[in-house]
Each structure stands twice: as C-alpha cells, then as structure tokens.
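Next up, entry.txt (compact mmCIF, N, CA, C and O atoms):
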# COMPACT_ATOMS: atom_id res chain seq x y z
N MET A 888 7.25 -37.97 -2.64
CA MET A 888 6.14 -37.51 -3.43
C MET A 888 6.61 -37.03 -4.81
O MET A 888 5.85 -37.08 -5.76
N THR A 889 7.84 -36.58 -4.88
CA THR A 889 8.34 -36.08 -6.15
C THR A 889 8.49 -37.19 -7.17
O THR A 889 8.16 -37.03 -8.33
N PHE A 890 8.98 -38.35 -6.73
CA PHE A 890 9.19 -39.45 -7.67
C PHE A 890 7.88 -40.07 -8.13
O PHE A 890 7.83 -40.69 -9.18
N ALA A 891 6.83 -39.91 -7.35
CA ALA A 891 5.51 -40.43 -7.74
C ALA A 891 4.66 -39.29 -8.29
O ALA A 891 3.54 -39.04 -7.86
N SER A 892 5.22 -38.57 -9.23
CA SER A 892 4.50 -37.47 -9.87
C SER A 892 4.79 -37.51 -11.37
O SER A 892 5.45 -38.41 -11.85
N ASN A 893 4.32 -36.51 -12.07
CA ASN A 893 4.52 -36.48 -13.52
C ASN A 893 5.75 -35.66 -13.92
O ASN A 893 5.85 -35.23 -15.06
N ILE A 894 6.68 -35.47 -13.01
CA ILE A 894 7.87 -34.70 -13.33
C ILE A 894 8.79 -35.47 -14.27
O ILE A 894 9.29 -34.94 -15.24
N PHE A 895 9.00 -36.74 -13.98
CA PHE A 895 9.99 -37.52 -14.72
C PHE A 895 9.40 -38.40 -15.81
O PHE A 895 10.05 -38.68 -16.79
N VAL A 896 8.17 -38.90 -15.60
CA VAL A 896 7.57 -39.83 -16.57
C VAL A 896 6.13 -39.44 -16.86
O VAL A 896 5.47 -38.82 -16.05
N ASP A 897 5.65 -39.85 -18.01
CA ASP A 897 4.26 -39.65 -18.37
C ASP A 897 3.40 -40.62 -17.54
O ASP A 897 3.65 -41.82 -17.56
N PRO A 898 2.40 -40.12 -16.82
CA PRO A 898 1.58 -41.00 -15.98
C PRO A 898 0.85 -42.10 -16.76
O PRO A 898 0.51 -43.12 -16.19
N ASN A 899 0.63 -41.90 -18.04
CA ASN A 899 -0.06 -42.92 -18.84
C ASN A 899 0.77 -44.19 -19.00
O ASN A 899 0.23 -45.24 -19.36
N THR A 900 2.07 -44.13 -18.75
CA THR A 900 2.93 -45.31 -18.87
C THR A 900 3.02 -46.10 -17.57
O THR A 900 3.67 -47.13 -17.54
N LEU A 901 2.40 -45.62 -16.51
CA LEU A 901 2.48 -46.26 -15.20
C LEU A 901 1.36 -47.28 -15.01
O LEU A 901 0.33 -47.20 -15.67
N PRO A 902 1.53 -48.22 -14.07
CA PRO A 902 0.44 -49.15 -13.75
C PRO A 902 -0.78 -48.40 -13.22
O PRO A 902 -0.65 -47.27 -12.72
N GLY A 903 -1.93 -49.02 -13.28
CA GLY A 903 -3.18 -48.36 -12.90
C GLY A 903 -3.20 -47.81 -11.49
O GLY A 903 -3.63 -46.68 -11.26
N TRP A 904 -2.73 -48.59 -10.51
CA TRP A 904 -2.78 -48.13 -9.13
C TRP A 904 -1.85 -46.94 -8.91
O TRP A 904 -2.18 -46.02 -8.17
N LEU A 905 -0.70 -46.93 -9.56
CA LEU A 905 0.23 -45.82 -9.42
C LEU A 905 -0.25 -44.60 -10.21
O LEU A 905 -0.09 -43.46 -9.77
N HIS A 906 -0.88 -44.85 -11.33
CA HIS A 906 -1.45 -43.76 -12.14
C HIS A 906 -2.51 -43.01 -11.33
O HIS A 906 -2.58 -41.78 -11.37
N ALA A 907 -3.33 -43.75 -10.57
CA ALA A 907 -4.36 -43.11 -9.74
C ALA A 907 -3.73 -42.25 -8.65
O ALA A 907 -4.20 -41.15 -8.36
N PHE A 908 -2.64 -42.73 -8.05
CA PHE A 908 -1.96 -41.94 -7.01
C PHE A 908 -1.31 -40.70 -7.60
O PHE A 908 -1.36 -39.63 -7.01
N VAL A 909 -0.70 -40.85 -8.76
CA VAL A 909 -0.03 -39.72 -9.41
C VAL A 909 -1.03 -38.61 -9.74
O VAL A 909 -0.72 -37.43 -9.61
N ASN A 910 -2.24 -38.97 -10.11
CA ASN A 910 -3.24 -37.97 -10.48
C ASN A 910 -3.68 -37.11 -9.31
O ASN A 910 -4.10 -35.97 -9.51
N VAL A 911 -3.61 -37.60 -8.08
CA VAL A 911 -4.03 -36.81 -6.92
C VAL A 911 -2.86 -36.25 -6.13
O VAL A 911 -3.06 -35.58 -5.13
N ASN A 912 -1.65 -36.51 -6.59
CA ASN A 912 -0.46 -36.01 -5.93
C ASN A 912 -0.37 -34.49 -6.09
O ASN A 912 -0.46 -33.98 -7.21
N PRO A 913 -0.17 -33.74 -5.00
CA PRO A 913 -0.07 -32.28 -5.12
C PRO A 913 1.10 -31.82 -5.99
O PRO A 913 1.01 -30.79 -6.65
N ILE A 914 2.18 -32.58 -6.00
CA ILE A 914 3.32 -32.21 -6.84
C ILE A 914 2.95 -32.29 -8.31
O ILE A 914 3.33 -31.44 -9.11
N THR A 915 2.16 -33.30 -8.68
CA THR A 915 1.70 -33.43 -10.05
C THR A 915 0.86 -32.22 -10.45
O THR A 915 1.02 -31.66 -11.54
N GLN A 916 -0.03 -31.81 -9.57
CA GLN A 916 -0.88 -30.66 -9.86
C GLN A 916 -0.04 -29.39 -10.00
O GLN A 916 -0.29 -28.56 -10.88
N LEU A 917 0.97 -29.24 -9.15
CA LEU A 917 1.84 -28.08 -9.21
C LEU A 917 2.61 -28.05 -10.53
O LEU A 917 2.69 -27.02 -11.20
N VAL A 918 3.17 -29.18 -10.92
CA VAL A 918 3.95 -29.26 -12.16
C VAL A 918 3.06 -29.00 -13.37
O VAL A 918 3.45 -28.29 -14.30
N THR A 919 1.85 -29.55 -13.36
CA THR A 919 0.93 -29.33 -14.48
C THR A 919 0.56 -27.85 -14.61
O THR A 919 0.55 -27.30 -15.71
N ALA A 920 0.29 -27.21 -13.47
CA ALA A 920 -0.04 -25.78 -13.50
C ALA A 920 1.16 -24.95 -13.95
O ALA A 920 1.02 -24.00 -14.73
N GLU A 921 2.34 -25.32 -13.46
CA GLU A 921 3.55 -24.58 -13.83
C GLU A 921 3.85 -24.71 -15.32
O GLU A 921 4.18 -23.73 -15.99
N ARG A 922 3.71 -25.92 -15.85
CA ARG A 922 3.93 -26.12 -17.29
C ARG A 922 2.90 -25.34 -18.11
O ARG A 922 3.22 -24.76 -19.14
N GLY A 923 1.68 -25.30 -17.62
CA GLY A 923 0.65 -24.53 -18.30
C GLY A 923 0.93 -23.04 -18.28
O GLY A 923 0.71 -22.34 -19.28
N LEU A 924 1.43 -22.54 -17.15
CA LEU A 924 1.78 -21.12 -17.07
C LEU A 924 2.92 -20.77 -18.01
O LEU A 924 2.92 -19.71 -18.64
N MET A 925 3.90 -21.67 -18.12
CA MET A 925 5.03 -21.40 -19.03
C MET A 925 4.61 -21.44 -20.50
O MET A 925 5.16 -20.71 -21.31
N ASN A 926 3.63 -22.29 -20.81
CA ASN A 926 3.16 -22.39 -22.20
C ASN A 926 2.01 -21.44 -22.50
O ASN A 926 1.57 -21.37 -23.64
N GLY A 927 1.49 -20.77 -21.49
CA GLY A 927 0.37 -19.87 -21.68
C GLY A 927 -0.97 -20.58 -21.80
O GLY A 927 -1.92 -20.03 -22.33
N THR A 928 -1.04 -21.81 -21.31
CA THR A 928 -2.29 -22.58 -21.42
C THR A 928 -2.83 -23.00 -20.06
O THR A 928 -3.62 -23.94 -19.98
N ALA A 929 -2.41 -22.36 -19.00
CA ALA A 929 -2.84 -22.76 -17.65
C ALA A 929 -4.32 -22.45 -17.46
O ALA A 929 -4.82 -21.40 -17.85
N ALA A 930 -5.01 -23.40 -16.86
CA ALA A 930 -6.42 -23.20 -16.53
C ALA A 930 -6.52 -22.68 -15.10
O ALA A 930 -5.68 -22.98 -14.25
N GLY A 931 -7.55 -21.90 -14.86
CA GLY A 931 -7.75 -21.32 -13.54
C GLY A 931 -7.94 -22.37 -12.46
O GLY A 931 -7.49 -22.21 -11.33
N ASP A 932 -8.60 -23.48 -12.80
CA ASP A 932 -8.84 -24.52 -11.80
C ASP A 932 -7.54 -25.20 -11.39
O ASP A 932 -7.40 -25.62 -10.24
N GLN A 933 -6.57 -25.29 -12.28
CA GLN A 933 -5.27 -25.86 -11.91
C GLN A 933 -4.57 -24.99 -10.88
O GLN A 933 -4.03 -25.48 -9.90
N ILE A 934 -4.59 -23.69 -11.11
CA ILE A 934 -3.93 -22.77 -10.20
C ILE A 934 -4.64 -22.75 -8.85
O ILE A 934 -4.00 -22.75 -7.80
N ILE A 935 -5.96 -22.76 -8.86
CA ILE A 935 -6.72 -22.77 -7.61
C ILE A 935 -6.45 -24.06 -6.84
O ILE A 935 -6.27 -24.04 -5.62
N TRP A 936 -6.39 -25.21 -7.54
CA TRP A 936 -6.11 -26.48 -6.88
C TRP A 936 -4.76 -26.45 -6.19
O TRP A 936 -4.61 -26.92 -5.06
N VAL A 937 -3.75 -25.87 -6.83
CA VAL A 937 -2.42 -25.78 -6.25
C VAL A 937 -2.44 -24.89 -5.01
O VAL A 937 -1.85 -25.23 -3.98
N LEU A 938 -3.12 -23.77 -5.07
CA LEU A 938 -3.20 -22.88 -3.92
C LEU A 938 -3.95 -23.52 -2.75
O LEU A 938 -3.55 -23.38 -1.60
N VAL A 939 -5.01 -24.25 -3.05
CA VAL A 939 -5.77 -24.94 -2.00
C VAL A 939 -4.91 -26.04 -1.36
O VAL A 939 -4.89 -26.21 -0.14
N ALA A 940 -4.19 -26.79 -2.19
CA ALA A 940 -3.32 -27.85 -1.66
C ALA A 940 -2.21 -27.27 -0.80
O ALA A 940 -1.89 -27.81 0.26
N ALA A 941 -1.64 -26.16 -1.23
CA ALA A 941 -0.59 -25.52 -0.44
C ALA A 941 -1.13 -25.02 0.90
O ALA A 941 -0.49 -25.18 1.94
N ALA A 942 -2.32 -24.44 0.88
CA ALA A 942 -2.93 -23.97 2.12
C ALA A 942 -3.26 -25.14 3.05
O ALA A 942 -3.02 -25.07 4.26
N ALA A 943 -3.76 -26.24 2.49
CA ALA A 943 -4.10 -27.41 3.31
C ALA A 943 -2.85 -28.01 3.94
O ALA A 943 -2.85 -28.36 5.13
N LEU A 944 -1.78 -28.13 3.16
CA LEU A 944 -0.54 -28.67 3.72
C LEU A 944 0.03 -27.76 4.80
O LEU A 944 0.54 -28.24 5.81
N THR A 945 -0.09 -26.46 4.62
CA THR A 945 0.38 -25.52 5.63
C THR A 945 -0.46 -25.63 6.90
O THR A 945 0.08 -25.64 8.01
N ILE A 946 -1.77 -25.72 6.75
CA ILE A 946 -2.66 -25.83 7.91
C ILE A 946 -2.39 -27.12 8.69
O ILE A 946 -2.42 -27.13 9.92
N VAL A 947 -2.10 -28.19 7.98
CA VAL A 947 -1.86 -29.48 8.64
C VAL A 947 -0.49 -29.54 9.31
O VAL A 947 -0.37 -30.00 10.45
N PHE A 948 0.55 -29.07 8.63
CA PHE A 948 1.90 -29.29 9.12
C PHE A 948 2.54 -28.11 9.86
O PHE A 948 3.52 -28.31 10.58
N ALA A 949 2.02 -26.91 9.75
CA ALA A 949 2.62 -25.76 10.44
C ALA A 949 2.46 -25.84 11.97
O ALA A 949 3.44 -25.64 12.69
N PRO A 950 1.26 -26.13 12.50
CA PRO A 950 1.14 -26.17 13.97
C PRO A 950 2.05 -27.20 14.64
O PRO A 950 2.73 -26.86 15.63
N PRO A 951 2.12 -28.45 14.16
CA PRO A 951 3.03 -29.38 14.83
C PRO A 951 4.50 -28.97 14.70
O PRO A 951 5.28 -29.17 15.63
N THR A 952 4.86 -28.38 13.57
CA THR A 952 6.23 -27.94 13.39
C THR A 952 6.59 -26.84 14.38
O THR A 952 7.65 -26.86 15.01
N VAL A 953 5.72 -25.87 14.54
CA VAL A 953 5.95 -24.79 15.49
C VAL A 953 6.00 -25.33 16.91
O VAL A 953 6.84 -24.93 17.72
N LEU A 954 5.11 -26.25 17.24
CA LEU A 954 5.09 -26.84 18.57
C LEU A 954 6.38 -27.60 18.87
O LEU A 954 6.96 -27.45 19.95
N ILE A 955 6.85 -28.38 17.92
CA ILE A 955 8.11 -29.11 18.13
C ILE A 955 9.28 -28.15 18.26
O ILE A 955 10.15 -28.33 19.10
N TYR A 956 9.29 -27.12 17.44
CA TYR A 956 10.39 -26.15 17.50
C TYR A 956 10.40 -25.42 18.84
O TYR A 956 11.44 -25.22 19.44
N ARG A 957 9.23 -25.04 19.35
CA ARG A 957 9.14 -24.35 20.64
C ARG A 957 9.58 -25.24 21.79
O ARG A 957 10.17 -24.75 22.75
N ASN A 958 9.26 -26.51 21.74
CA ASN A 958 9.60 -27.42 22.82
C ASN A 958 11.08 -27.77 22.88
O ASN A 958 11.55 -28.25 23.90
N LYS A 959 11.81 -27.54 21.80
CA LYS A 959 13.25 -27.83 21.80
C LYS A 959 14.03 -26.77 22.56
O LYS A 959 15.15 -27.01 22.95
N ARG A 960 13.48 -25.62 22.73
CA ARG A 960 14.21 -24.54 23.40
C ARG A 960 13.93 -24.57 24.83
O ARG A 960 13.73 -24.56 25.76
Can you turn what I pasted into structure tokens?
Amino acid sequence: MTFASNIFVDPNTLPGWLHAFVNVNPITQLVTAERGLMNGTAAGDQIIWVLVAAAALTIVFAPPTVLIYRNKR
C-alpha cells in the first residue's frame, strides 16, 4: 500500500486506474494530512478521515489477529 500512495510520486503523473486507487488509499490520506499538519494547512476533514480509516482497519484486523495469537499458545 505504501508504494501505491503519494509518498514517492505525484498521483497526477500516474495512469488513470492507478490514480483512482491512490486517491482512496489510506496511506495517501495519512501522508496528505501529515504534510498539511507540518505546513500548517491541514484541513479537519483530512484528519478525521485518517482517524476513521485507522479505526476501521483496527476493527477489521484486530479480532482475527488476537484469535490467531491465542490459538498458537
């Protein structure tokens, strides 16, 4: 997911199908919000989107991870 984000390249230089994926990538949203915070131009919706994405990823992946970890012991 890191390589398909806006960390290394400007998304406007990518093909259309990859540009669409990069725009919805959570890493892209995180990097955009972080760059905005460092420049003092972060929008509230960027920060909220990052927090919602982090919560969603935690809700999806935490239960199976805990279940797998418990079953190994």
Which residues, written as a PDB file with N, CA, C and O atoms, in the frame of the given file, have at least one atom at most 7 Å from Phe908 in chain A, with all atoms listed in the file counted and residues fewer than 6 positions away on the same chain left out?
ATOM      1  N   ALA A 891       6.830 -39.910  -7.350  1.00  0.00           N
ATOM      2  CA  ALA A 891       5.510 -40.430  -7.740  1.00  0.00           C
ATOM      3  C   ALA A 891       4.660 -39.290  -8.290  1.00  0.00           C
ATOM      4  O   ALA A 891       3.540 -39.040  -7.860  1.00  0.00           O
ATOM      5  N   SER A 892       5.220 -38.570  -9.230  1.00  0.00           N
ATOM      6  CA  SER A 892       4.500 -37.470  -9.870  1.00  0.00           C
ATOM      7  C   SER A 892       4.790 -37.510 -11.370  1.00  0.00           C
ATOM      8  O   SER A 892       5.450 -38.410 -11.850  1.00  0.00           O
ATOM      9  N   PRO A 902       1.530 -48.220 -14.070  1.00  0.00           N
ATOM     10  CA  PRO A 902       0.440 -49.150 -13.750  1.00  0.00           C
ATOM     11  C   PRO A 902      -0.780 -48.400 -13.220  1.00  0.00           C
ATOM     12  O   PRO A 902      -0.650 -47.270 -12.720  1.00  0.00           O
TER      13      PRO A 902
END
Mind the document's chain letters and residue numbers, and return as a tab-separated table (two decimals) with N, CA, C and O atoms, in the coordinates of the input the residues of range 890-951 of chain A that DSSP labels helix (DSSP H, G or I).
chain	number	residue	atom	x	y	z
A	898	PRO	N	2.40	-40.12	-16.82
A	898	PRO	CA	1.58	-41.00	-15.98
A	898	PRO	C	0.85	-42.10	-16.76
A	898	PRO	O	0.51	-43.12	-16.19
A	899	ASN	N	0.63	-41.90	-18.04
A	899	ASN	CA	-0.06	-42.92	-18.84
A	899	ASN	C	0.77	-44.19	-19.00
A	899	ASN	O	0.23	-45.24	-19.36
A	900	THR	N	2.07	-44.13	-18.75
A	900	THR	CA	2.93	-45.31	-18.87
A	900	THR	C	3.02	-46.10	-17.57
A	900	THR	O	3.67	-47.13	-17.54
A	903	GLY	N	-1.93	-49.02	-13.28
A	903	GLY	CA	-3.18	-48.36	-12.90
A	903	GLY	C	-3.20	-47.81	-11.49
A	903	GLY	O	-3.63	-46.68	-11.26
A	904	TRP	N	-2.73	-48.59	-10.51
A	904	TRP	CA	-2.78	-48.13	-9.13
A	904	TRP	C	-1.85	-46.94	-8.91
A	904	TRP	O	-2.18	-46.02	-8.17
A	905	LEU	N	-0.70	-46.93	-9.56
A	905	LEU	CA	0.23	-45.82	-9.42
A	905	LEU	C	-0.25	-44.60	-10.21
A	905	LEU	O	-0.09	-43.46	-9.77
A	906	HIS	N	-0.88	-44.85	-11.33
A	906	HIS	CA	-1.45	-43.76	-12.14
A	906	HIS	C	-2.51	-43.01	-11.33
A	906	HIS	O	-2.58	-41.78	-11.37
A	907	ALA	N	-3.33	-43.75	-10.57
A	907	ALA	CA	-4.36	-43.11	-9.74
A	907	ALA	C	-3.73	-42.25	-8.65
A	907	ALA	O	-4.20	-41.15	-8.36
A	908	PHE	N	-2.64	-42.73	-8.05
A	908	PHE	CA	-1.96	-41.94	-7.01
A	908	PHE	C	-1.31	-40.70	-7.60
A	908	PHE	O	-1.36	-39.63	-7.01
A	909	VAL	N	-0.70	-40.85	-8.76
A	909	VAL	CA	-0.03	-39.72	-9.41
A	909	VAL	C	-1.03	-38.61	-9.74
A	909	VAL	O	-0.72	-37.43	-9.61
A	910	ASN	N	-2.24	-38.97	-10.11
A	910	ASN	CA	-3.24	-37.97	-10.48
A	910	ASN	C	-3.68	-37.11	-9.31
A	910	ASN	O	-4.10	-35.97	-9.51
A	911	VAL	N	-3.61	-37.60	-8.08
A	911	VAL	CA	-4.03	-36.81	-6.92
A	911	VAL	C	-2.86	-36.25	-6.13
A	911	VAL	O	-3.06	-35.58	-5.13
A	913	PRO	N	-0.17	-33.74	-5.00
A	913	PRO	CA	-0.07	-32.28	-5.12
A	913	PRO	C	1.10	-31.82	-5.99
A	913	PRO	O	1.01	-30.79	-6.65
A	914	ILE	N	2.18	-32.58	-6.00
A	914	ILE	CA	3.32	-32.21	-6.84
A	914	ILE	C	2.95	-32.29	-8.31
A	914	ILE	O	3.33	-31.44	-9.11
A	915	THR	N	2.16	-33.30	-8.68
A	915	THR	CA	1.70	-33.43	-10.05
A	915	THR	C	0.86	-32.22	-10.45
A	915	THR	O	1.02	-31.66	-11.54
A	916	GLN	N	-0.03	-31.81	-9.57
A	916	GLN	CA	-0.88	-30.66	-9.86
A	916	GLN	C	-0.04	-29.39	-10.00
A	916	GLN	O	-0.29	-28.56	-10.88
A	917	LEU	N	0.97	-29.24	-9.15
A	917	LEU	CA	1.84	-28.08	-9.21
A	917	LEU	C	2.61	-28.05	-10.53
A	917	LEU	O	2.69	-27.02	-11.20
A	918	VAL	N	3.17	-29.18	-10.92
A	918	VAL	CA	3.95	-29.26	-12.16
A	918	VAL	C	3.06	-29.00	-13.37
A	918	VAL	O	3.45	-28.29	-14.30
A	919	THR	N	1.85	-29.55	-13.36
A	919	THR	CA	0.93	-29.33	-14.48
A	919	THR	C	0.56	-27.85	-14.61
A	919	THR	O	0.55	-27.30	-15.71
A	920	ALA	N	0.29	-27.21	-13.47
A	920	ALA	CA	-0.04	-25.78	-13.50
A	920	ALA	C	1.16	-24.95	-13.95
A	920	ALA	O	1.02	-24.00	-14.73
A	921	GLU	N	2.34	-25.32	-13.46
A	921	GLU	CA	3.55	-24.58	-13.83
A	921	GLU	C	3.85	-24.71	-15.32
A	921	GLU	O	4.18	-23.73	-15.99
A	922	ARG	N	3.71	-25.92	-15.85
A	922	ARG	CA	3.93	-26.12	-17.29
A	922	ARG	C	2.90	-25.34	-18.11
A	922	ARG	O	3.22	-24.76	-19.14
A	923	GLY	N	1.68	-25.30	-17.62
A	923	GLY	CA	0.65	-24.53	-18.30
A	923	GLY	C	0.93	-23.04	-18.28
A	923	GLY	O	0.71	-22.34	-19.28
A	924	LEU	N	1.43	-22.54	-17.15
A	924	LEU	CA	1.78	-21.12	-17.07
A	924	LEU	C	2.92	-20.77	-18.01
A	924	LEU	O	2.92	-19.71	-18.64
A	925	MET	N	3.90	-21.67	-18.12
A	925	MET	CA	5.03	-21.40	-19.03
A	925	MET	C	4.61	-21.44	-20.50
A	925	MET	O	5.16	-20.71	-21.31
A	926	ASN	N	3.63	-22.29	-20.81
A	926	ASN	CA	3.16	-22.39	-22.20
A	926	ASN	C	2.01	-21.44	-22.50
A	926	ASN	O	1.57	-21.37	-23.64
A	931	GLY	N	-7.55	-21.90	-14.86
A	931	GLY	CA	-7.75	-21.32	-13.54
A	931	GLY	C	-7.94	-22.37	-12.46
A	931	GLY	O	-7.49	-22.21	-11.33
A	932	ASP	N	-8.60	-23.48	-12.80
A	932	ASP	CA	-8.84	-24.52	-11.80
A	932	ASP	C	-7.54	-25.20	-11.39
A	932	ASP	O	-7.40	-25.62	-10.24
A	933	GLN	N	-6.57	-25.29	-12.28
A	933	GLN	CA	-5.27	-25.86	-11.91
A	933	GLN	C	-4.57	-24.99	-10.88
A	933	GLN	O	-4.03	-25.48	-9.90
A	934	ILE	N	-4.59	-23.69	-11.11
A	934	ILE	CA	-3.93	-22.77	-10.20
A	934	ILE	C	-4.64	-22.75	-8.85
A	934	ILE	O	-4.00	-22.75	-7.80
A	935	ILE	N	-5.96	-22.76	-8.86
A	935	ILE	CA	-6.72	-22.77	-7.61
A	935	ILE	C	-6.45	-24.06	-6.84
A	935	ILE	O	-6.27	-24.04	-5.62
A	936	TRP	N	-6.39	-25.21	-7.54
A	936	TRP	CA	-6.11	-26.48	-6.88
A	936	TRP	C	-4.76	-26.45	-6.19
A	936	TRP	O	-4.61	-26.92	-5.06
A	937	VAL	N	-3.75	-25.87	-6.83
A	937	VAL	CA	-2.42	-25.78	-6.25
A	937	VAL	C	-2.44	-24.89	-5.01
A	937	VAL	O	-1.85	-25.23	-3.98
A	938	LEU	N	-3.12	-23.77	-5.07
A	938	LEU	CA	-3.20	-22.88	-3.92
A	938	LEU	C	-3.95	-23.52	-2.75
A	938	LEU	O	-3.55	-23.38	-1.60
A	939	VAL	N	-5.01	-24.25	-3.05
A	939	VAL	CA	-5.77	-24.94	-2.00
A	939	VAL	C	-4.91	-26.04	-1.36
A	939	VAL	O	-4.89	-26.21	-0.14
A	940	ALA	N	-4.19	-26.79	-2.19
A	940	ALA	CA	-3.32	-27.85	-1.66
A	940	ALA	C	-2.21	-27.27	-0.80
A	940	ALA	O	-1.89	-27.81	0.26
A	941	ALA	N	-1.64	-26.16	-1.23
A	941	ALA	CA	-0.59	-25.52	-0.44
A	941	ALA	C	-1.13	-25.02	0.90
A	941	ALA	O	-0.49	-25.18	1.94
A	942	ALA	N	-2.32	-24.44	0.88
A	942	ALA	CA	-2.93	-23.97	2.12
A	942	ALA	C	-3.26	-25.14	3.05
A	942	ALA	O	-3.02	-25.07	4.26
A	943	ALA	N	-3.76	-26.24	2.49
A	943	ALA	CA	-4.10	-27.41	3.31
A	943	ALA	C	-2.85	-28.01	3.94
A	943	ALA	O	-2.85	-28.36	5.13
A	944	LEU	N	-1.78	-28.13	3.16
A	944	LEU	CA	-0.54	-28.67	3.72
A	944	LEU	C	0.03	-27.76	4.80
A	944	LEU	O	0.54	-28.24	5.81
A	945	THR	N	-0.09	-26.46	4.62
A	945	THR	CA	0.38	-25.52	5.63
A	945	THR	C	-0.46	-25.63	6.90
A	945	THR	O	0.08	-25.64	8.01
A	946	ILE	N	-1.77	-25.72	6.75
A	946	ILE	CA	-2.66	-25.83	7.91
A	946	ILE	C	-2.39	-27.12	8.69
A	946	ILE	O	-2.42	-27.13	9.92
A	947	VAL	N	-2.10	-28.19	7.98
A	947	VAL	CA	-1.86	-29.48	8.64
A	947	VAL	C	-0.49	-29.54	9.31
A	947	VAL	O	-0.37	-30.00	10.45
A	948	PHE	N	0.55	-29.07	8.63
A	948	PHE	CA	1.90	-29.29	9.12
A	948	PHE	C	2.54	-28.11	9.86
A	948	PHE	O	3.52	-28.31	10.58
A	949	ALA	N	2.02	-26.91	9.75
A	949	ALA	CA	2.62	-25.76	10.44
A	949	ALA	C	2.46	-25.84	11.97
A	949	ALA	O	3.44	-25.64	12.69
A	950	PRO	N	1.26	-26.13	12.50
A	950	PRO	CA	1.14	-26.17	13.97
A	950	PRO	C	2.05	-27.20	14.64
A	950	PRO	O	2.73	-26.86	15.63
A	951	PRO	N	2.12	-28.45	14.16
A	951	PRO	CA	3.03	-29.38	14.83
A	951	PRO	C	4.50	-28.97	14.70
A	951	PRO	O	5.28	-29.17	15.63
Pick the closest to Thr919 in chain A from A:Ile955, A:Leu905, A:Ile894, A:Ala942: which is it, counting all atoms listed in the file?
A:Ile894
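Across the model, the gap from CA of Thr915 in chain A to atom O of Phe895 in chain A is 11.9 Å.
In this comparison, which uses only C-alpha atoms, the residue of A:Pro913, A:Gly923, A:Gly931, A:Pro898 approaching Leu944 in chain A most closely is A:Pro913.
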Could you tell me how far atom N of Val937 in chain A lies from atom O of Thr889 in chain A, in Å and to one decimal?
16.4 Å
Computed interatomic separation between atom O of Arg922 in chain A and atom C of Ile934 in chain A (Å)
13.1 Å
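Minimum atom-to-atom distances from A:Leu954, A:Leu924, A:Ala929, A:Leu917 to Ala941 in chain A were compared using only C-alpha atoms, and the lowest value belongs to A:Leu917.
The shortest atom-to-atom distance to Asn912 in chain A, with only C-alpha atoms taken into account, belongs to A:Asn893 out of A:Asn893, A:Asn926, A:Gln933, A:Thr900.
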